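*Asks:* The file below is data35.tsv, TSV, C-alpha atoms:
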chain	number	residue	atom	x	y	z
A	1	VAL	CA	-23.82	66.85	1.05
A	2	LEU	CA	-23.91	64.29	-1.77
A	3	GLN	CA	-20.12	63.93	-1.55
A	4	MET	CA	-20.41	62.81	2.08
A	5	LEU	CA	-22.87	59.98	1.40
A	6	PRO	CA	-21.50	56.44	1.36
A	7	ALA	CA	-21.53	54.77	-2.05
A	8	ASP	CA	-24.82	53.05	-2.87
A	9	SER	CA	-26.57	54.51	0.17
A	10	VAL	CA	-29.33	56.05	-1.96
A	11	ARG	CA	-31.73	53.83	-3.87
A	12	VAL	CA	-34.66	56.23	-4.37
A	13	ALA	CA	-34.34	60.01	-4.49
A	14	MET	CA	-36.74	62.80	-5.39
A	15	ASP	CA	-35.65	66.06	-6.98
A	16	VAL	CA	-38.51	68.48	-6.33
A	17	GLY	CA	-37.86	71.55	-8.43
A	18	CYS	CA	-35.64	69.66	-10.84
A	19	HIS	CA	-35.03	72.68	-13.14
A	20	ALA	CA	-32.18	71.65	-15.49
A	21	GLY	CA	-31.19	68.53	-13.55
A	22	ALA	CA	-27.87	69.68	-12.03
A	23	TRP	CA	-28.59	68.07	-8.63
A	24	THR	CA	-29.89	64.92	-10.34
A	25	ASP	CA	-26.69	64.71	-12.39
A	26	HIS	CA	-24.56	64.85	-9.23
A	27	LEU	CA	-26.65	62.21	-7.47
A	28	LEU	CA	-26.73	59.80	-10.42
A	29	ASN	CA	-22.95	60.16	-10.86
A	30	ARG	CA	-22.23	59.51	-7.18
A	31	GLN	CA	-24.86	56.88	-6.41
A	32	GLN	CA	-24.74	54.18	-9.08
A	33	ALA	CA	-27.68	52.22	-7.62
A	34	ALA	CA	-29.93	55.29	-7.28
A	35	SER	CA	-33.00	56.21	-9.24
A	36	VAL	CA	-34.33	59.76	-9.25
A	37	ILE	CA	-37.88	60.96	-9.66
A	38	GLY	CA	-37.86	64.58	-10.77
A	39	PHE	CA	-40.72	67.05	-10.35
A	40	GLU	CA	-40.83	70.02	-12.72
A	41	PRO	CA	-44.07	71.81	-13.68
A	42	THR	CA	-42.51	74.31	-16.13
A	43	LEU	CA	-43.33	72.85	-19.55
A	44	ASP	CA	-40.21	73.89	-21.47
A	45	LEU	CA	-37.95	72.71	-18.63
A	46	ALA	CA	-39.83	69.40	-18.41
A	47	ILE	CA	-39.41	68.84	-22.15
A	48	ARG	CA	-35.66	69.57	-21.88
A	49	LEU	CA	-35.32	67.19	-18.93
A	50	GLU	CA	-37.14	64.42	-20.79
A	51	GLY	CA	-34.73	64.88	-23.70
A	52	LYS	CA	-31.67	65.10	-21.48
A	53	TYR	CA	-32.52	61.87	-19.64
A	54	ALA	CA	-34.15	59.99	-22.52
A	55	ASP	CA	-31.46	57.29	-22.35
A	56	GLU	CA	-31.20	57.25	-18.54
A	57	PRO	CA	-33.43	54.50	-17.11
A	58	ARG	CA	-32.70	55.65	-13.55
A	59	PHE	CA	-34.60	58.93	-14.08
A	60	SER	CA	-38.31	59.61	-14.42
A	61	LEU	CA	-40.12	62.93	-14.51
A	62	GLU	CA	-43.43	64.13	-13.16
A	63	ARG	CA	-44.71	67.32	-14.80
A	64	VAL	CA	-46.41	68.55	-11.63
A	65	ALA	CA	-45.68	70.80	-8.68
A	66	LEU	CA	-45.76	69.50	-5.12
A	67	GLY	CA	-47.58	71.28	-2.35
A	68	GLN	CA	-49.56	70.84	0.84
A	69	ALA	CA	-52.81	70.01	-0.98
A	70	PRO	CA	-53.71	68.70	-4.45
A	71	GLY	CA	-55.28	71.04	-6.98
A	72	SER	CA	-53.87	73.70	-9.25
A	73	ALA	CA	-51.88	76.87	-8.72
A	74	THR	CA	-50.43	79.74	-10.69
A	75	LEU	CA	-46.74	79.38	-11.46
A	76	SER	CA	-45.04	82.74	-11.93
A	77	VAL	CA	-42.76	82.28	-14.92
A	78	GLN	CA	-39.84	84.68	-15.11
A	79	ASP	CA	-37.10	85.45	-17.61
A	80	GLU	CA	-34.69	83.41	-15.49
A	81	SER	CA	-36.35	79.99	-15.26
A	82	SER	CA	-34.43	79.01	-12.13
A	83	VAL	CA	-36.69	81.35	-10.14
A	84	ASN	CA	-40.09	80.28	-11.46
A	85	SER	CA	-42.25	79.93	-8.38
A	86	LEU	CA	-45.67	79.26	-6.96
A	87	VAL	CA	-44.86	82.14	-4.59
A	88	HIS	CA	-45.61	85.57	-6.00
A	89	ASN	CA	-42.60	87.87	-5.83
A	90	PRO	CA	-43.81	91.48	-6.26
A	91	ALA	CA	-40.30	92.62	-7.21
A	92	ALA	CA	-39.83	90.05	-10.01
A	93	ASP	CA	-40.16	90.56	-13.72
A	94	VAL	CA	-42.88	87.99	-14.25
A	95	VAL	CA	-43.29	87.06	-17.90
A	96	ASP	CA	-46.35	84.89	-17.50
A	97	GLY	CA	-48.56	83.16	-14.97
A	98	ILE	CA	-49.50	79.60	-15.93
A	99	GLU	CA	-51.81	77.18	-14.19
A	100	VAL	CA	-50.06	73.99	-13.14
A	101	GLU	CA	-51.22	70.81	-11.50
A	102	VAL	CA	-50.27	70.41	-7.85
A	103	THR	CA	-50.20	67.13	-5.96
A	104	THR	CA	-48.78	66.14	-2.61
A	105	GLY	CA	-45.80	63.93	-2.01
A	106	ASP	CA	-48.01	61.56	-0.04
A	107	GLU	CA	-50.51	61.29	-2.92
A	108	PHE	CA	-47.69	60.61	-5.38
A	109	LEU	CA	-46.16	57.93	-3.14
A	110	ARG	CA	-49.54	56.21	-2.82
A	111	ARG	CA	-50.16	56.40	-6.57
A	112	VAL	CA	-46.84	54.78	-7.51
A	113	GLY	CA	-46.67	52.40	-4.54
A	114	LEU	CA	-43.46	53.75	-3.00
A	115	ASP	CA	-43.03	53.27	0.72
A	116	GLN	CA	-39.48	54.60	1.20
A	117	ILE	CA	-37.49	57.59	-0.07
A	118	ASP	CA	-33.82	57.68	0.80
A	119	TYR	CA	-33.23	61.32	-0.18
A	120	LEU	CA	-35.74	64.12	-0.73
A	121	LYS	CA	-34.34	67.33	-2.22
A	122	ILE	CA	-36.69	70.34	-2.40
A	123	ASP	CA	-35.72	73.58	-4.19
A	124	VAL	CA	-38.90	75.39	-5.16
A	125	GLU	CA	-38.25	79.08	-4.56
A	126	GLY	CA	-40.07	79.83	-1.33
A	127	HIS	CA	-42.67	77.06	-1.65
A	128	ASP	CA	-40.37	74.58	0.08
A	129	LEU	CA	-42.30	74.31	3.36
A	130	GLN	CA	-45.58	73.78	1.49
A	131	ALA	CA	-43.98	70.99	-0.55
A	132	LEU	CA	-42.57	69.43	2.61
A	133	LEU	CA	-45.96	69.59	4.36
A	134	GLY	CA	-47.34	67.46	1.53
A	135	PHE	CA	-45.10	64.62	2.74
A	136	SER	CA	-46.54	64.65	6.28
A	137	GLU	CA	-47.70	61.02	6.23
A	138	ALA	CA	-44.37	59.77	4.88
A	139	LEU	CA	-42.42	61.88	7.37
A	140	ASN	CA	-44.56	60.72	10.29
A	141	ALA	CA	-44.03	57.10	9.19
A	142	GLY	CA	-40.25	57.57	9.05
A	143	ALA	CA	-40.32	56.75	5.34
A	144	ILE	CA	-37.90	59.52	4.28
A	145	GLY	CA	-34.23	59.15	5.13
A	146	VAL	CA	-32.79	62.60	4.34
A	147	VAL	CA	-34.53	65.89	3.58
A	148	GLN	CA	-32.66	68.75	1.94
A	149	PHE	CA	-34.43	72.03	1.24
A	150	GLU	CA	-33.45	75.48	0.08
A	151	TYR	CA	-33.58	78.40	2.49
A	152	ASN	CA	-32.80	81.87	1.19
A	153	GLU	CA	-34.38	85.25	0.34
A	154	TRP	CA	-37.42	83.47	-1.10
A	155	ASN	CA	-38.35	82.50	2.43
A	156	ALA	CA	-38.70	86.18	3.33
A	157	ILE	CA	-41.00	86.61	0.32
A	158	SER	CA	-43.10	83.57	1.28
A	159	HIS	CA	-43.04	84.47	4.99
A	160	THR	CA	-41.67	81.06	5.98
A	161	LEU	CA	-38.88	81.19	8.48
A	162	LEU	CA	-36.36	78.56	9.47
A	163	GLY	CA	-38.27	78.25	12.75
A	164	ASP	CA	-41.34	77.14	10.77
A	165	PHE	CA	-39.34	74.24	9.32
A	166	THR	CA	-37.85	73.42	12.72
A	167	ARG	CA	-41.25	73.39	14.43
A	168	TYR	CA	-42.63	71.15	11.69
Mind converting the file's structure to structure tokens?
*Replies:*
Amino acid sequence: VLQMLPADSVRVAMDVGCHAGAWTDHLLNRQQAASVIGFEPTLDLAIRLEGKYADEPRFSLERVALGQAPGSATLSVQDESSVNSLVHNPAADVVDGIEVEVTTGDEFLRRVGLDQIDYLKIDVEGHDLQALLGFSEALNAGAIGVVQFEYNEWNAISHTLLGDFTRY
């Protein structure tokens, strides 16, 4: 999808579920005027991202999860960090459960004074619809240009179907 975007069409992007920053790397390489706000609640991944992008002024990181309501939640941490999730997977080899801060996209936007997001990417292992619901005010206001979310086997685990996204 990023390859199809016109040059300099993205000014502000959010990478929700930033993990190691692969999507952010692609966006920053393709969109020279873009800045990316990453969201990653897993402490060791957040520390790595802060080191990786220490000299990149177009990137900032929030060490929080996004959801439908602010508060805290248990993040299931697994051996493979790319599948850490706020959704409990009974078949997973969970190493630890850690409490993380959760905020909504709307709360974040208000806090930092942002009124437009050109590209919102969400990849949070089955919690994608909950994260998207937290942007309801921004979506209703037409303040988000493009939304990309992951849809895979995690949606069966979280009991969120493509129809749920479509209805929303």
*Asks:* How many Å lie between atom CA of Gly163 of chain A and atom CA of Asp128 of chain A, rounded to one decimal?
*Replies:*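 Pair atom CA of Gly163 of chain A / atom CA of Asp128 of chain A returns 13.4 Å.
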*Asks:* Rank A:Pro6, A:Gly17, A:Asp115, A:Leu161 by their smallest atom-to-atom distance to Arg30 of chain A, using all atoms listed in the file, and report the top residue only.
*Replies:* A:Pro6
*Asks:* Leaving out segment 69-79 of chain A and any residue of its chain fewer than 3 positions from it, which residues lie within 10 Å of it when counting all atoms listed in the file, given as a PyMOL selection string?
*Replies:* chain A and resi 41-42+64-66+82-89+92-107+130-131+133-134
*Asks:* In Å to one decimal, how far is atom CA of Leu129 of chain A from atom CA of Leu28 of chain A?
*Replies:*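 Rounded to one decimal, the two atoms are 25.4 Å apart.
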*Asks:* Between A:Leu43, A:Val146, A:Leu139, A:Leu27, which has the minimum distance to Leu2 of chain A (counting only C-alpha atoms)?
*Replies:*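 For Leu2 of chain A, the nearest of the candidates is A:Leu27.
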*Asks:* Counting only C-alpha atoms, which of A:Val124, A:Ala54, A:Ala34, A:Ile117 gets nearest to Val147 of chain A?
*Replies:*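 Smallest distance to Val147 of chain A is found for A:Ile117.
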*Asks:* Atom CA of Lys121 of chain A and atom CA of Met14 of chain A, how far apart in Å?
*Replies:*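 Computing the Euclidean distance for atom CA of Met14 of chain A and atom CA of Lys121 of chain A yields 6.0 Å.
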*Asks:* With distances taken over all atoms listed in the file, which of A:Asp123, A:Glu137, A:Asp8, A:Asp118 is nearest to Gly21 of chain A?
*Replies:*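 The answer is A:Asp123, which sits nearest to Gly21 of chain A.
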*Asks:* Under the rule that all atoms listed in the file are counted, which of A:Ile37, A:Leu109, A:Leu162, A:Leu132 is the nearest residue to Val12 of chain A?
*Replies:* A:Ile37
*Asks:* Would you list the contacts of Ala20 of chain A as a list in words, taking every protein, DNA or RNA residue within 10 Å and counting only C-alpha atoms, but skipping same-chain residues closer than 3 positions in sequence?
*Replies:* Gly17, Trp23, Thr24, Asp25, Glu40, Leu45, Ala46, Arg48, Leu49, Lys52, Ser81 and Ser82 of chain A
*Asks:* Create the file for the chosen residues now, containing C-alpha atoms and written as a CSV table (one decimal), in the coordinates of the input.
*Replies:*
chain,number,residue,atom,x,y,z
A,17,GLY,CA,-37.9,71.6,-8.4
A,23,TRP,CA,-28.6,68.1,-8.6
A,24,THR,CA,-29.9,64.9,-10.3
A,25,ASP,CA,-26.7,64.7,-12.4
A,40,GLU,CA,-40.8,70.0,-12.7
A,45,LEU,CA,-38.0,72.7,-18.6
A,46,ALA,CA,-39.8,69.4,-18.4
A,48,ARG,CA,-35.7,69.6,-21.9
A,49,LEU,CA,-35.3,67.2,-18.9
A,52,LYS,CA,-31.7,65.1,-21.5
A,81,SER,CA,-36.4,80.0,-15.3
A,82,SER,CA,-34.4,79.0,-12.1
*Asks:* Work out where the centre of an axis-aligned box around every listed atom of segment 100-105 of chain A lies and how long its edges are once 5 Å is added on each side; give both in Å to one decimal as JSON.
*Replies:*
{"center_x": -48.5, "center_y": 69.0, "center_z": -7.6, "size_x": 15.4, "size_y": 20.1, "size_z": 21.1}
*Asks:* Within 7 Å of (-34.4, 55.5, -6.4) (coordinates as in the file), grab all the protein and nucleic acid residues, counting all atoms listed in the file, and write them out as a list in words.
*Replies:*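 Checked against the point, the hits come out as Val10, Arg11, Val12, Ala13, Ala34, Ser35 and Val36 of chain A.
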